[in-house]
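Take a look at the structure set out below.
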Amino acid sequence: MMIYIYDGTFEGLLTAICHGLRHNHAISDITTFQRYQPDLFSKVVEIETVSDRARDFYRKLESLSKEMTATVSYAFLSEQPGMEMLIFDYLKTIFLHGTEMITNMNHPAIFRLYHLRRKVRHEIDRYHGFVRFRQLSNGIFYSPIEPDYNIVQFLAPHFTARFADQCWMIHDILRETGIFYNLKQCVYLPRVPRDHPLVRPVLDPSKENALAADVTELKYQHLWMRYFKEIAIMERHNPKVQRQQMPRRYWKHLIEEVDSSIRP
């Protein structure tokens with residue numbers, strides 16, 4: 001049995017899977033250097049990422065089924081333990097039995113990957129409604145998020161279409177990545193640390209030289225919190241239903257939750 005070690009990137013994983021399928025290796029695990037656990041009974045193979053090979057392999061998968069490539073992409077972004085082997089088993093099964101296996105929920109790998117894809121997709125849909133932008137004094141609209149999955153890039157199409165006339169940034173503070181729209185295009189930011197001068201106003205306003213929030217923004221925040229509080233019907237207050245529709249893990253970055261008096 002072999003253990004493949006790759007660099008943790010999507011291209012690296014595709015390179016490893018392509019290598020494994022091409023050579024028909026018996027693979028017990030695909031992991032990164034950081035997560036590798038020594039195994040006396042397995043041979044370790046370090047897979048060097050080859051971008052051209054990874055892109056060719058992805059195009060081959062896409063030509064077979066775009067549904068398949070979407071499932072693989074969502075599964076990778078879930079960052080769940082063991083997702084690499086799950087993707088490998090999924091693709092190996094489809095190459096062996098044909099693309100009709102994509103809908104065969106009786107196969108364990110296909111069933112688990114399908115539900116993993118649904119969870120990631122659901123997280124993306126929720127953040128379409130739960131992202132809250134704050135305007136900074138330089139005119140940029142900024143929103144911090146802490147998603148369970150690495151979905152920030154998948155938010156780009158929705159917010160680019162919705163806010164095409166504004167400069168904005170969505171910052172995944174857990175992974176220190178983000179996306180930035182400059183009125184022309186939306187770009188991925190692979191490294192946005194918490195102490196970056198652009199993001200300190202919201203994450204830690206007490207920092208020296210932090211970029212202040214726009215004065216008009218603060219007025220709108222106050223107005224929104226008053227509106228949120230005034231439209232509430234206390235007789236119909238139902239914390240259980242509220243938590244079902246808007247789980248607590250999203251509250252931290254909602255403007256309407258700044259005022260503790262309106263929290264359930």
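Chains: A, B, ... in order of the structure tokens. Residues: from 1 per chain. Ligands: from 1, in order shown.
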
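Summary of the local environment: counting only C-alpha atoms, residues at most 9 Å from Glu48 of chain A, other than itself and those fewer than 3 positions away along its chain, are Ile5, Tyr6, Asp7, Gly12, Thr15 and Ala16 of chain A.
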
Quiz prompt | Those in segment 1-226 of chain A with alpha helix (DSSP H) from DSSP, as number ranges by chain | solution = A: 10-23, 51-64, 66-78, 83-97, 108-130, 156-162, 200-203, 215-226

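Secondary structure from DSSP on the backbone puts strand (DSSP E) at the following positions of segment 77-235 of chain A: Arg134, Gln135, Phe141, Tyr142, Ser143, Pro144, Ile145, Trp168, Met169, Ile170, His171, Asp172, Thr177, Gly178, Ile179, Phe180, Tyr181, Cys186, Val187, Tyr188 and Leu189 of chain A.
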
Quiz prompt | Of the listed residues A:Arg236, A:His107, A:Arg248, A:His253, that which approaches Asp172 of chain A most closely, counting only C-alpha atoms | solution =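 Of A:Arg236, A:His107, A:Arg248, A:His253, the one nearest Asp172 of chain A is A:His253, counting only C-alpha atoms.
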
Under the rule of at most 10 Å, produce a per-residue listing of segment 128-201 of chain A near segment 217-234 of chain A: chain, number, name, the closest pair of atoms, and the distance in Å, as JSON lines, using only C-alpha atoms.
```
{"residue": "A:Phe133", "atom": "CA", "partner": "A:Glu217", "partner_atom": "CA", "distance": 9.7}
{"residue": "A:Arg134", "atom": "CA", "partner": "A:Glu217", "partner_atom": "CA", "distance": 6.6}
{"residue": "A:Gln135", "atom": "CA", "partner": "A:Glu217", "partner_atom": "CA", "distance": 5.7}
{"residue": "A:Leu136", "atom": "CA", "partner": "A:Glu217", "partner_atom": "CA", "distance": 7.6}
{"residue": "A:Ser137", "atom": "CA", "partner": "A:Glu217", "partner_atom": "CA", "distance": 8.8}
{"residue": "A:Gly139", "atom": "CA", "partner": "A:Glu217", "partner_atom": "CA", "distance": 9.9}
{"residue": "A:Phe141", "atom": "CA", "partner": "A:Glu217", "partner_atom": "CA", "distance": 9.7}
```

Practice problem: Would you kindly return, as a ChimeraX atom specification, each protein, DNA or RNA residue with an atom no farther than 10 Å from any atom of Met101 of chain A, considering only C-alpha atoms and excluding same-chain residues fewer than 6 positions away? | Solution: /A:90-91,93-95,107,110

Quiz item: Nearest to Ile87 of chain A: which of A:Met105, A:Ala70, A:Leu113, A:Val152 is it, counting only C-alpha atoms?
Solution: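 Going through A:Met105, A:Ala70, A:Leu113, A:Val152 one by one, the smallest distance to Ile87 of chain A is for A:Leu113.
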
Exercise. Point out the residue among A:Trp168, A:Leu174, A:Ser51, A:Gln153 with the least atom-to-atom distance to Leu189 of chain A, counting only C-alpha atoms.
Key: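 Closest residue, counting only C-alpha atoms: A:Gln153.
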
Practice problem: Write out as a ChimeraX atom specification each polymer residue whose atoms come within 12 Å of Leu40 of chain A, counting only C-alpha atoms; drop sequence neighbours fewer than 5 positions from it. | Solution: /A:1-3

Any chance you could export the current selection's C-alpha atoms as a short mmCIF file (atom, residue, chain, number, x, y, z; two decimals), in the first residue's frame?
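New file out10.cif:
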```
data_model
loop_
_atom_site.label_atom_id
_atom_site.label_comp_id
_atom_site.auth_asym_id
_atom_site.auth_seq_id
_atom_site.Cartn_x
_atom_site.Cartn_y
_atom_site.Cartn_z
CA MET A 1 0.00 0.00 0.00
CA MET A 2 1.09 3.58 -0.69
CA ILE A 3 0.58 6.91 1.01
#
```

Exercise. Excluding Pro38 of chain A and any residue of its chain fewer than 3 positions from it, enumerate the residues within 12 Å of it, using only C-alpha atoms, and give them as a PyMOL selection string.
Key: chain A and resi 2-5+29+31-35+41-44

Taking C-alpha atoms for each residue, export the selection above as a PDB file, in the first residue's frame.
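Once written, result-v6.pdb looks like this:
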```pdb
ATOM      1  CA  MET A   2       1.087   3.582  -0.694  1.00  0.00           C
ATOM      2  CA  ILE A   3       0.575   6.910   1.014  1.00  0.00           C
ATOM      3  CA  TYR A   4       0.591   9.887  -1.342  1.00  0.00           C
ATOM      4  CA  ILE A   5       1.760  13.215   0.098  1.00  0.00           C
ATOM      5  CA  ASP A  29      -4.176   7.533   2.018  1.00  0.00           C
ATOM      6  CA  THR A  31      -2.552  13.582   2.703  1.00  0.00           C
ATOM      7  CA  THR A  32      -0.352  16.640   3.221  1.00  0.00           C
ATOM      8  CA  PHE A  33       3.008  16.900   4.986  1.00  0.00           C
ATOM      9  CA  GLN A  34       1.322  18.631   7.922  1.00  0.00           C
ATOM     10  CA  ARG A  35      -1.209  15.825   8.446  1.00  0.00           C
ATOM     11  CA  PHE A  41       3.442  -0.783   6.500  1.00  0.00           C
ATOM     12  CA  SER A  42       2.985   1.765   3.707  1.00  0.00           C
ATOM     13  CA  LYS A  43       5.343   3.244   1.151  1.00  0.00           C
ATOM     14  CA  VAL A  44       5.405   7.051   1.140  1.00  0.00           C
TER      15      VAL A  44
END
```

Quiz item: Nearest to Leu14 of chain A among A:Gln166, A:Ser65, A:Thr49, A:Gln80, with distances taken over only C-alpha atoms: which residue is it?
Solution: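 Counting only C-alpha atoms, the residue closest to Leu14 of chain A is A:Thr49.
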
Practice problem: May I ask which of the residues A:Asp89, A:Asp125, A:Glu100, A:Glu79 is the closest one to Arg112 of chain A, counting only C-alpha atoms? | Solution: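 Result for the nearest residue to Arg112 of chain A: A:Asp89.
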
Exercise. Can you work out which one of A:Ile145, A:Ile102, A:Leu96, A:Val50 has the shortest atom-to-atom distance to Met68 of chain A, counting only C-alpha atoms?
Key: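 Result for the nearest residue to Met68 of chain A: A:Ile102.
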
Practice problem: Record the distance separating atom CA of Pro193 of chain A and atom CA of Arg175 of chain A, expressed in Å with one decimal. | Solution: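 Atom CA of Arg175 of chain A lies 8.8 Å from atom CA of Pro193 of chain A.
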
Quiz item: Leaving out Phe76 of chain A and any residue of its chain fewer than 3 positions from it, which residues lie within 12 Å of it when counting only C-alpha atoms, given as a ChimeraX atom specification?
Solution: /A:8-14,69-73,79-88,113,116-117,120,149-151

Selected residues written out with C-alpha atoms, as a PDB file, in the first residue's frame:
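Saved result, selection_34.pdb, follows:
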```
ATOM      1  CA  GLY A   8      -2.511  20.701  -0.119  1.00  0.00           C
ATOM      2  CA  THR A   9      -3.618  22.565  -3.249  1.00  0.00           C
ATOM      3  CA  PHE A  10      -6.407  21.523  -5.610  1.00  0.00           C
ATOM      4  CA  GLU A  11      -3.905  21.186  -8.452  1.00  0.00           C
ATOM      5  CA  GLY A  12      -1.724  19.063  -6.210  1.00  0.00           C
ATOM      6  CA  LEU A  13      -4.601  16.733  -5.390  1.00  0.00           C
ATOM      7  CA  LEU A  14      -5.572  16.369  -9.047  1.00  0.00           C
ATOM      8  CA  THR A  69     -16.146  18.272 -11.514  1.00  0.00           C
ATOM      9  CA  ALA A  70     -18.517  20.385  -9.422  1.00  0.00           C
ATOM     10  CA  THR A  71     -18.851  17.603  -6.869  1.00  0.00           C
ATOM     11  CA  VAL A  72     -15.071  17.155  -6.669  1.00  0.00           C
ATOM     12  CA  SER A  73     -14.503  20.913  -6.308  1.00  0.00           C
ATOM     13  CA  GLU A  79     -11.596  20.601   3.954  1.00  0.00           C
ATOM     14  CA  GLN A  80     -13.064  17.611   5.752  1.00  0.00           C
ATOM     15  CA  PRO A  81     -10.670  14.915   7.059  1.00  0.00           C
ATOM     16  CA  GLY A  82     -10.295  12.103   4.542  1.00  0.00           C
ATOM     17  CA  MET A  83     -11.864  14.024   1.656  1.00  0.00           C
ATOM     18  CA  GLU A  84      -8.829  13.269  -0.579  1.00  0.00           C
ATOM     19  CA  MET A  85      -9.363   9.515  -0.441  1.00  0.00           C
ATOM     20  CA  LEU A  86     -13.086  10.026  -0.805  1.00  0.00           C
ATOM     21  CA  ILE A  87     -12.520  11.962  -4.038  1.00  0.00           C
ATOM     22  CA  PHE A  88     -10.030   9.346  -5.250  1.00  0.00           C
ATOM     23  CA  LEU A 113     -19.485  12.974  -1.610  1.00  0.00           C
ATOM     24  CA  LEU A 116     -20.728  16.727   1.327  1.00  0.00           C
ATOM     25  CA  ARG A 117     -21.414  18.727  -1.805  1.00  0.00           C
ATOM     26  CA  VAL A 120     -20.957  23.136   1.013  1.00  0.00           C
ATOM     27  CA  TYR A 149     -15.943  25.503   4.501  1.00  0.00           C
ATOM     28  CA  ASN A 150     -13.486  27.286   2.200  1.00  0.00           C
ATOM     29  CA  ILE A 151     -16.182  28.937   0.098  1.00  0.00           C
TER      30      ILE A 151
END
```
